[in-house]
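One structure is given below, encoded as structure tokens.
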Amino acid sequence: MTDTAAGQIDHVFHERRLFPPPAEFTAKAVIRSQEQYDDLYQRARDDRDGFWKQEAEQHLHWFEPFGEVCKWNAPHAEWFVGGKTNASYNCIDRNIDQGRGDRAAIIWEGEPGDTRTLTYNELKSEVCKCAAALRELGIQTGDVVSIYMPMTPELAIAMLACARIGAIHSVIFAGFSAESIADRNNDAQAKMVITSDGLHRRGKVLPLKVTVDEALEKSPSVQTCLVLRRIGNDDVPMKDGRDVWWHDVVDKQSDDLPAEPLDSETPLFILYTSGSTGKPKGILHSTAGYNLWAKRTFQWVFDHRDDDVYWCTADCGWITGHTYIVYGPLAAGATCLMFEGAPNYPAEDRFWELVEKYKVTILYTAPTAIRAFIKWGDQHVDKHDLSSLRLLGSVGEGINPEAWMWYHKKIGGSSCPIVDTWWQTETGGIMMSPLPGITATKPGSCTQPLPGVVPSIVDETGASVDAEHGGMLCIDQPWPGMLRGVWGDEERFVETYWATVKGKYLTGDNARCDKDGYYWIMGRIDDVINVSGHRLSTIEVESALVSHELVCEAAVVGRPDDLKGQAIAAFVTVTDPNPGEELRQELRMHVRKQIGALAQPDDIRFAAAVPKTRSGKIMRRLLRDIAAGREAAGDTSTLEDYSVLATLREEE
Ligand code: PRX
């Protein structure tokens, strides 16, 4: 268990408050009684196939019906075998078929304040045009398309256009470096990259296309680059025979391209995420099961109703954006606000201005943002009328009880339930969460598993442990939204998730379950750190650091941070005998260039040696203590003597 986890355990052990849902919320809720939930949960557990057969038939469109519901040959699952469906059809056409064509699907606001609303009918036209353009540019079913774009409607349109023709999208968060883009292009053998001439970020323009150009020099599989004009920057160099403008090829296409009937298990997307090695892995999700999981979890957890204006503040570059901006809410026919900018531009009240302006009813954001709002001060919130809000959500990391209370009181006016949703890129959608109409919440707990989720808590040998004490969190049964593999790396898929406990999915998180059956996530069991809700592997950052010519060795750990949850602390040994601020800065920039700004270390300490065990493993626990300013053993406030300290530790 990590040290941060230990701190958290201490903290949440003292958390005793209970917040039952307001009666008026329960009265109108989608799931409004414990019996209703118990019935769903028990049916899903005891008659898995019967339950999901009914769900899939009722909630997805089928061009051809499926036969077997779940073919489970651990760790390989096939859901809705032999059926034909299409995620783009489910998210768009099905809503139109059911009379929701004129409903706003996406209400978008750009960072500079420009706005656009797309009804389901309009979204269909745009997606069809984009899909036809992809076809014209040679993209076929099964081809991989990388998407590196700002949070514009075209990002969602591009994802859905891929889905429409059975191409596999691989969205790369627009903060990643050229190196990271190239790595992902190469791993997935992407045939195309979709990008834009630039991205607005806090009043500045980031030259996305320039970064992509650099990446494409090292991405031989990419034949075409489709470029959206977002900034109006015509100076962008366009390479003949490779680069095409979105407005030249997309706008002229027909606005009606039938969705391709696709086999249930057709890959829908790859999303790269950090694991415990240096190389991010391409998590693979497929069509029918993922789409159904996205839709149903959205409906259950966010208690969606027809007149809701739902806003998930994530970026489509992460799984939260995939599942809860695009595939879940759209499949449910929701009206989604999509926002391009930052929460503090042009001022720290931007989010609250948007909530007021669009009368947002459901807000889904991250603890790191909540902590920033607290720091910026209540005056930014007080300026706005937030009375439209009826439900609040949290995702990405555990929410500390102080942030929970502030969110509850200040944003929710003490009357909105909070759903603290636990899940992962791999799980496709939410796995544990309060159901807002029935669950009495405890600040800091993601409460209970959703129907279809059968968790267990085990030790290193796979044996069940006392759940109250805590251990490794596993999922015992397959569920429709589960990952189908790690792209191109079967061995890693098996090793990472299925080898520790035979037949069970190992989540990589520690958890405990209290006597009321509430789950508390206690942090990672591996070398993954969570910086502002984003997953990073310490080894990935170490590899980036050692690729600098002056660095001999690097050890990276997470340390607690009031805003980000965890900050990155790096201990490096260098060949420069007198390293100083300049080199520190250079190394920060180097990591930024290798991975992206989100991986830039907060602390860099130069050291004489990196402490290791006799078997050569970095002593991360010791470094975590030092990085956090905790007493490790004796005086560790200076690092000069930590090789000695390491020796001491080994002798213990
Ligand atoms: O450690 C858990 C933490 O984030 C990890 C998953 O990260 P990622 O795949 O990037 O997906 C983030 C968005 C779903 C988990 O293994 N995590 C996520 N949500 C929570 C959480 N930890 C505690 N409570 C949560 N609500």
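Chain labels A, B, ... are given in the sequence in which chains occur in the structure tokens; within each chain residues are numbered consecutively from 1, and ligands are likewise numbered from 1 in the order shown.
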
Taking only C-alpha atoms and all ligand atoms into account, which residues have an atom no farther than 9 Å from ligand 1? I'd like them as a JSON list (two decimals) with C-alpha atoms, in the first residue's frame.
```json
[["chain", "number", "residue", "atom", "x", "y", "z"],
["A", 273, "THR", "CA", -3.05, 4.97, -20.51],
["A", 274, "SER", "CA", -0.10, 4.62, -18.19],
["A", 318, "TRP", "CA", -9.35, 10.89, -21.43],
["A", 319, "ILE", "CA", -11.77, 8.02, -20.81],
["A", 320, "THR", "CA", -14.16, 10.28, -18.90],
["A", 321, "GLY", "CA", -14.63, 12.35, -22.04],
["A", 366, "ALA", "CA", -12.81, 16.28, -10.75],
["A", 367, "PRO", "CA", -11.56, 16.74, -7.17],
["A", 394, "SER", "CA", -16.81, 13.58, -9.03],
["A", 395, "VAL", "CA", -14.26, 11.42, -10.84],
["A", 396, "GLY", "CA", -10.57, 10.74, -11.32],
["A", 397, "GLU", "CA", -9.35, 10.30, -7.79],
["A", 398, "GLY", "CA", -10.76, 10.00, -4.34],
["A", 399, "ILE", "CA", -12.42, 13.17, -3.18],
["A", 419, "VAL", "CA", -21.99, 10.89, -6.92],
["A", 420, "ASP", "CA", -18.36, 9.96, -6.30],
["A", 421, "THR", "CA", -17.74, 7.63, -9.22],
["A", 422, "TRP", "CA", -14.95, 5.07, -9.17],
["A", 423, "TRP", "CA", -13.81, 3.53, -12.42],
["A", 424, "GLN", "CA", -10.89, 3.30, -14.83],
["A", 425, "THR", "CA", -9.94, 3.56, -18.48],
["A", 426, "GLU", "CA", -10.03, -0.23, -18.50],
["A", 427, "THR", "CA", -13.52, -0.57, -17.06],
["A", 428, "GLY", "CA", -15.06, 1.56, -19.82],
["A", 429, "GLY", "CA", -17.55, 3.17, -17.48],
["A", 430, "ILE", "CA", -18.48, 3.73, -13.86],
["A", 432, "MET", "CA", -18.97, 1.98, -8.20],
["A", 433, "SER", "CA", -21.01, 5.01, -7.33],
["A", 444, "GLY", "CA", -14.79, 10.06, 0.49],
["A", 445, "SER", "CA", -16.52, 6.76, -0.32],
["A", 446, "CYS", "CA", -17.60, 5.71, -3.81],
["A", 507, "THR", "CA", -7.96, -3.26, -10.80],
["A", 508, "GLY", "CA", -4.59, -2.05, -9.52],
["A", 509, "ASP", "CA", -6.32, -0.20, -6.67],
["A", 510, "ASN", "CA", -6.43, -0.98, -3.00],
["A", 520, "TRP", "CA", -13.29, 3.20, 0.03],
["A", 521, "ILE", "CA", -10.58, 3.38, -2.62],
["A", 522, "MET", "CA", -7.17, 3.62, -0.96],
["A", 523, "GLY", "CA", -4.83, 4.34, -3.87],
["A", 524, "ARG", "CA", -2.79, 2.29, -6.29],
["A", 525, "ILE", "CA", -0.86, -0.87, -5.64],
["A", 528, "VAL", "CA", 1.10, 4.56, -11.10],
["A", 529, "ILE", "CA", 0.60, 8.05, -9.71],
["A", 530, "ASN", "CA", -2.44, 10.21, -10.07],
["A", 533, "GLY", "CA", -6.77, 12.97, -11.89],
["A", 534, "HIS", "CA", -4.43, 11.87, -14.67],
["A", 535, "ARG", "CA", -2.59, 8.61, -14.57],
["A", 536, "LEU", "CA", 1.16, 8.59, -14.97]]
```

DSSP strand (DSSP E or B) selection over region 130-171 of chain A, as a list in words: Val144, Val145, Ser146, Ile147, Ile168, His169, Ser170 and Val171 of chain A

Writer output for current selection, N, CA and C atoms, as an mmCIF file, in the first residue's frame:
```
data_model
loop_
_atom_site.group_PDB
_atom_site.id
_atom_site.type_symbol
_atom_site.label_atom_id
_atom_site.label_comp_id
_atom_site.auth_asym_id
_atom_site.auth_seq_id
_atom_site.Cartn_x
_atom_site.Cartn_y
_atom_site.Cartn_z
ATOM 1 N N VAL A 144 -6.880 2.511 -37.955
ATOM 2 C CA VAL A 144 -6.788 3.346 -36.756
ATOM 3 C C VAL A 144 -6.575 4.811 -37.148
ATOM 4 N N VAL A 145 -7.374 5.673 -36.531
ATOM 5 C CA VAL A 145 -7.277 7.115 -36.774
ATOM 6 C C VAL A 145 -6.922 7.800 -35.453
ATOM 7 N N SER A 146 -5.787 8.490 -35.411
ATOM 8 C CA SER A 146 -5.442 9.247 -34.202
ATOM 9 C C SER A 146 -6.132 10.600 -34.258
ATOM 10 N N ILE A 147 -6.616 11.053 -33.116
ATOM 11 C CA ILE A 147 -7.302 12.349 -33.052
ATOM 12 C C ILE A 147 -6.607 13.198 -31.992
ATOM 13 N N ILE A 168 -11.187 2.700 -36.060
ATOM 14 C CA ILE A 168 -10.904 2.679 -34.621
ATOM 15 C C ILE A 168 -10.256 4.013 -34.249
ATOM 16 N N HIS A 169 -10.892 4.783 -33.359
ATOM 17 C CA HIS A 169 -10.211 6.039 -33.019
ATOM 18 C C HIS A 169 -9.272 5.865 -31.841
ATOM 19 N N SER A 170 -8.234 6.669 -31.877
ATOM 20 C CA SER A 170 -7.273 6.701 -30.782
ATOM 21 C C SER A 170 -7.093 8.182 -30.456
ATOM 22 N N VAL A 171 -7.842 8.647 -29.459
ATOM 23 C CA VAL A 171 -7.769 10.076 -29.135
ATOM 24 C C VAL A 171 -6.545 10.304 -28.251
#
```

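Our summary of the geometry notes that CA of Glu136 (chain A) is positioned 15.6 Å from CA of Val222 (chain A).
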
Within 9 Å of region 474-491 of chain A using only C-alpha atoms, minus same-chain residues under 5 positions, as a ChimeraX atom specification: /A:45,48,52,70,72,74-80,187-188,265,267,270,281-286,288-294,425-429,452-458,496,501,503-509

With C-alpha atoms retained, export the selected residues as an mmCIF file, in the first residue's frame.
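Okay, out_25.cif is ready:
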```
data_model
loop_
_atom_site.group_PDB
_atom_site.id
_atom_site.type_symbol
_atom_site.label_atom_id
_atom_site.label_comp_id
_atom_site.auth_asym_id
_atom_site.auth_seq_id
_atom_site.Cartn_x
_atom_site.Cartn_y
_atom_site.Cartn_z
ATOM 1 C CA ARG A 45 -25.393 -11.091 -10.600
ATOM 2 C CA ARG A 48 -26.051 -12.347 -15.905
ATOM 3 C CA TRP A 52 -27.899 -8.207 -20.137
ATOM 4 C CA CYS A 70 -21.587 -13.479 -23.024
ATOM 5 C CA TRP A 72 -16.512 -15.836 -21.262
ATOM 6 C CA ALA A 74 -11.232 -15.771 -19.088
ATOM 7 C CA PRO A 75 -9.679 -13.328 -19.687
ATOM 8 C CA HIS A 76 -11.428 -13.018 -23.034
ATOM 9 C CA ALA A 77 -15.018 -11.901 -23.223
ATOM 10 C CA GLU A 78 -17.290 -11.580 -26.205
ATOM 11 C CA TRP A 79 -20.594 -9.873 -25.599
ATOM 12 C CA PHE A 80 -23.733 -10.106 -27.703
ATOM 13 C CA ASP A 187 2.040 1.383 -31.606
ATOM 14 C CA ALA A 188 -1.413 1.505 -33.201
ATOM 15 C CA GLU A 265 -17.085 -6.992 -30.944
ATOM 16 C CA PRO A 267 -13.037 -2.504 -31.950
ATOM 17 C CA ILE A 270 -7.974 2.483 -28.350
ATOM 18 C CA LYS A 281 -0.669 0.734 -23.174
ATOM 19 C CA GLY A 282 -3.463 0.941 -25.704
ATOM 20 C CA ILE A 283 -6.617 -0.084 -23.877
ATOM 21 C CA LEU A 284 -9.037 -1.584 -26.357
ATOM 22 C CA HIS A 285 -12.803 -1.229 -26.147
ATOM 23 C CA SER A 286 -15.310 -2.749 -28.526
ATOM 24 C CA ALA A 288 -21.788 -3.112 -28.338
ATOM 25 C CA GLY A 289 -20.794 -3.908 -24.761
ATOM 26 C CA TYR A 290 -18.997 -0.608 -24.240
ATOM 27 C CA ASN A 291 -21.829 1.433 -25.719
ATOM 28 C CA LEU A 292 -24.410 -0.304 -23.581
ATOM 29 C CA TRP A 293 -22.311 0.094 -20.427
ATOM 30 C CA ALA A 294 -21.721 3.779 -21.207
ATOM 31 C CA THR A 425 -9.938 3.562 -18.481
ATOM 32 C CA GLU A 426 -10.033 -0.235 -18.498
ATOM 33 C CA THR A 427 -13.521 -0.570 -17.061
ATOM 34 C CA GLY A 428 -15.061 1.561 -19.818
ATOM 35 C CA GLY A 429 -17.550 3.170 -17.478
ATOM 36 C CA GLY A 452 -23.242 -6.165 -13.080
ATOM 37 C CA VAL A 453 -20.209 -5.321 -10.961
ATOM 38 C CA VAL A 454 -19.132 -8.065 -8.562
ATOM 39 C CA PRO A 455 -16.116 -6.881 -6.568
ATOM 40 C CA SER A 456 -13.877 -8.707 -4.144
ATOM 41 C CA ILE A 457 -10.980 -7.742 -1.916
ATOM 42 C CA VAL A 458 -8.018 -10.094 -1.879
ATOM 43 C CA THR A 496 -1.254 -6.898 -15.801
ATOM 44 C CA VAL A 501 -5.733 -13.723 -9.314
ATOM 45 C CA GLY A 503 -10.050 -15.404 -13.625
ATOM 46 C CA LYS A 504 -10.535 -12.118 -11.798
ATOM 47 C CA TYR A 505 -9.814 -8.648 -13.104
ATOM 48 C CA LEU A 506 -7.165 -6.958 -10.964
ATOM 49 C CA THR A 507 -7.962 -3.264 -10.801
ATOM 50 C CA GLY A 508 -4.591 -2.045 -9.522
ATOM 51 C CA ASP A 509 -6.323 -0.204 -6.669
#
```

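Computed from the coordinates, the CA of Gln140 (chain A) to CA of Thr211 (chain A) distance equals 25.9 Å.
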
Shell of 8 Å around region 92-95 of chain A, only C-alpha atoms, local chain residues under 6 positions omitted, as a list in words: His61, Gly101, Tyr120, Asn121, Leu123, Lys124, Leu330, Ala331 and Gly333 of chain A

Mind writing the picked residues with C-alpha atoms as a PDB file, in the first residue's frame?
```pdb
ATOM      1  CA  HIS A  61     -30.312  -0.657 -31.888  1.00  0.00           C
ATOM      2  CA  GLY A 101     -33.982  14.906 -33.711  1.00  0.00           C
ATOM      3  CA  TYR A 120     -29.297  15.425 -32.970  1.00  0.00           C
ATOM      4  CA  ASN A 121     -30.335  16.037 -36.608  1.00  0.00           C
ATOM      5  CA  LEU A 123     -25.015  16.192 -35.366  1.00  0.00           C
ATOM      6  CA  LYS A 124     -26.032  13.433 -37.741  1.00  0.00           C
ATOM      7  CA  LEU A 330     -25.562  10.791 -26.474  1.00  0.00           C
ATOM      8  CA  ALA A 331     -26.814   7.199 -26.460  1.00  0.00           C
ATOM      9  CA  GLY A 333     -30.410  11.294 -25.832  1.00  0.00           C
TER      10      GLY A 333
END
```

Near-Pro436 (chain A) list (8 Å; only C-alpha atoms; drop same-chain fewer than 2 positions) as a list in words: Pro21, Phe25, Thr26, Ala29, Val301, Phe302, Asp303, Leu391, Pro417, Ile418, Val419, Pro434, Ile438 and Thr439 of chain A
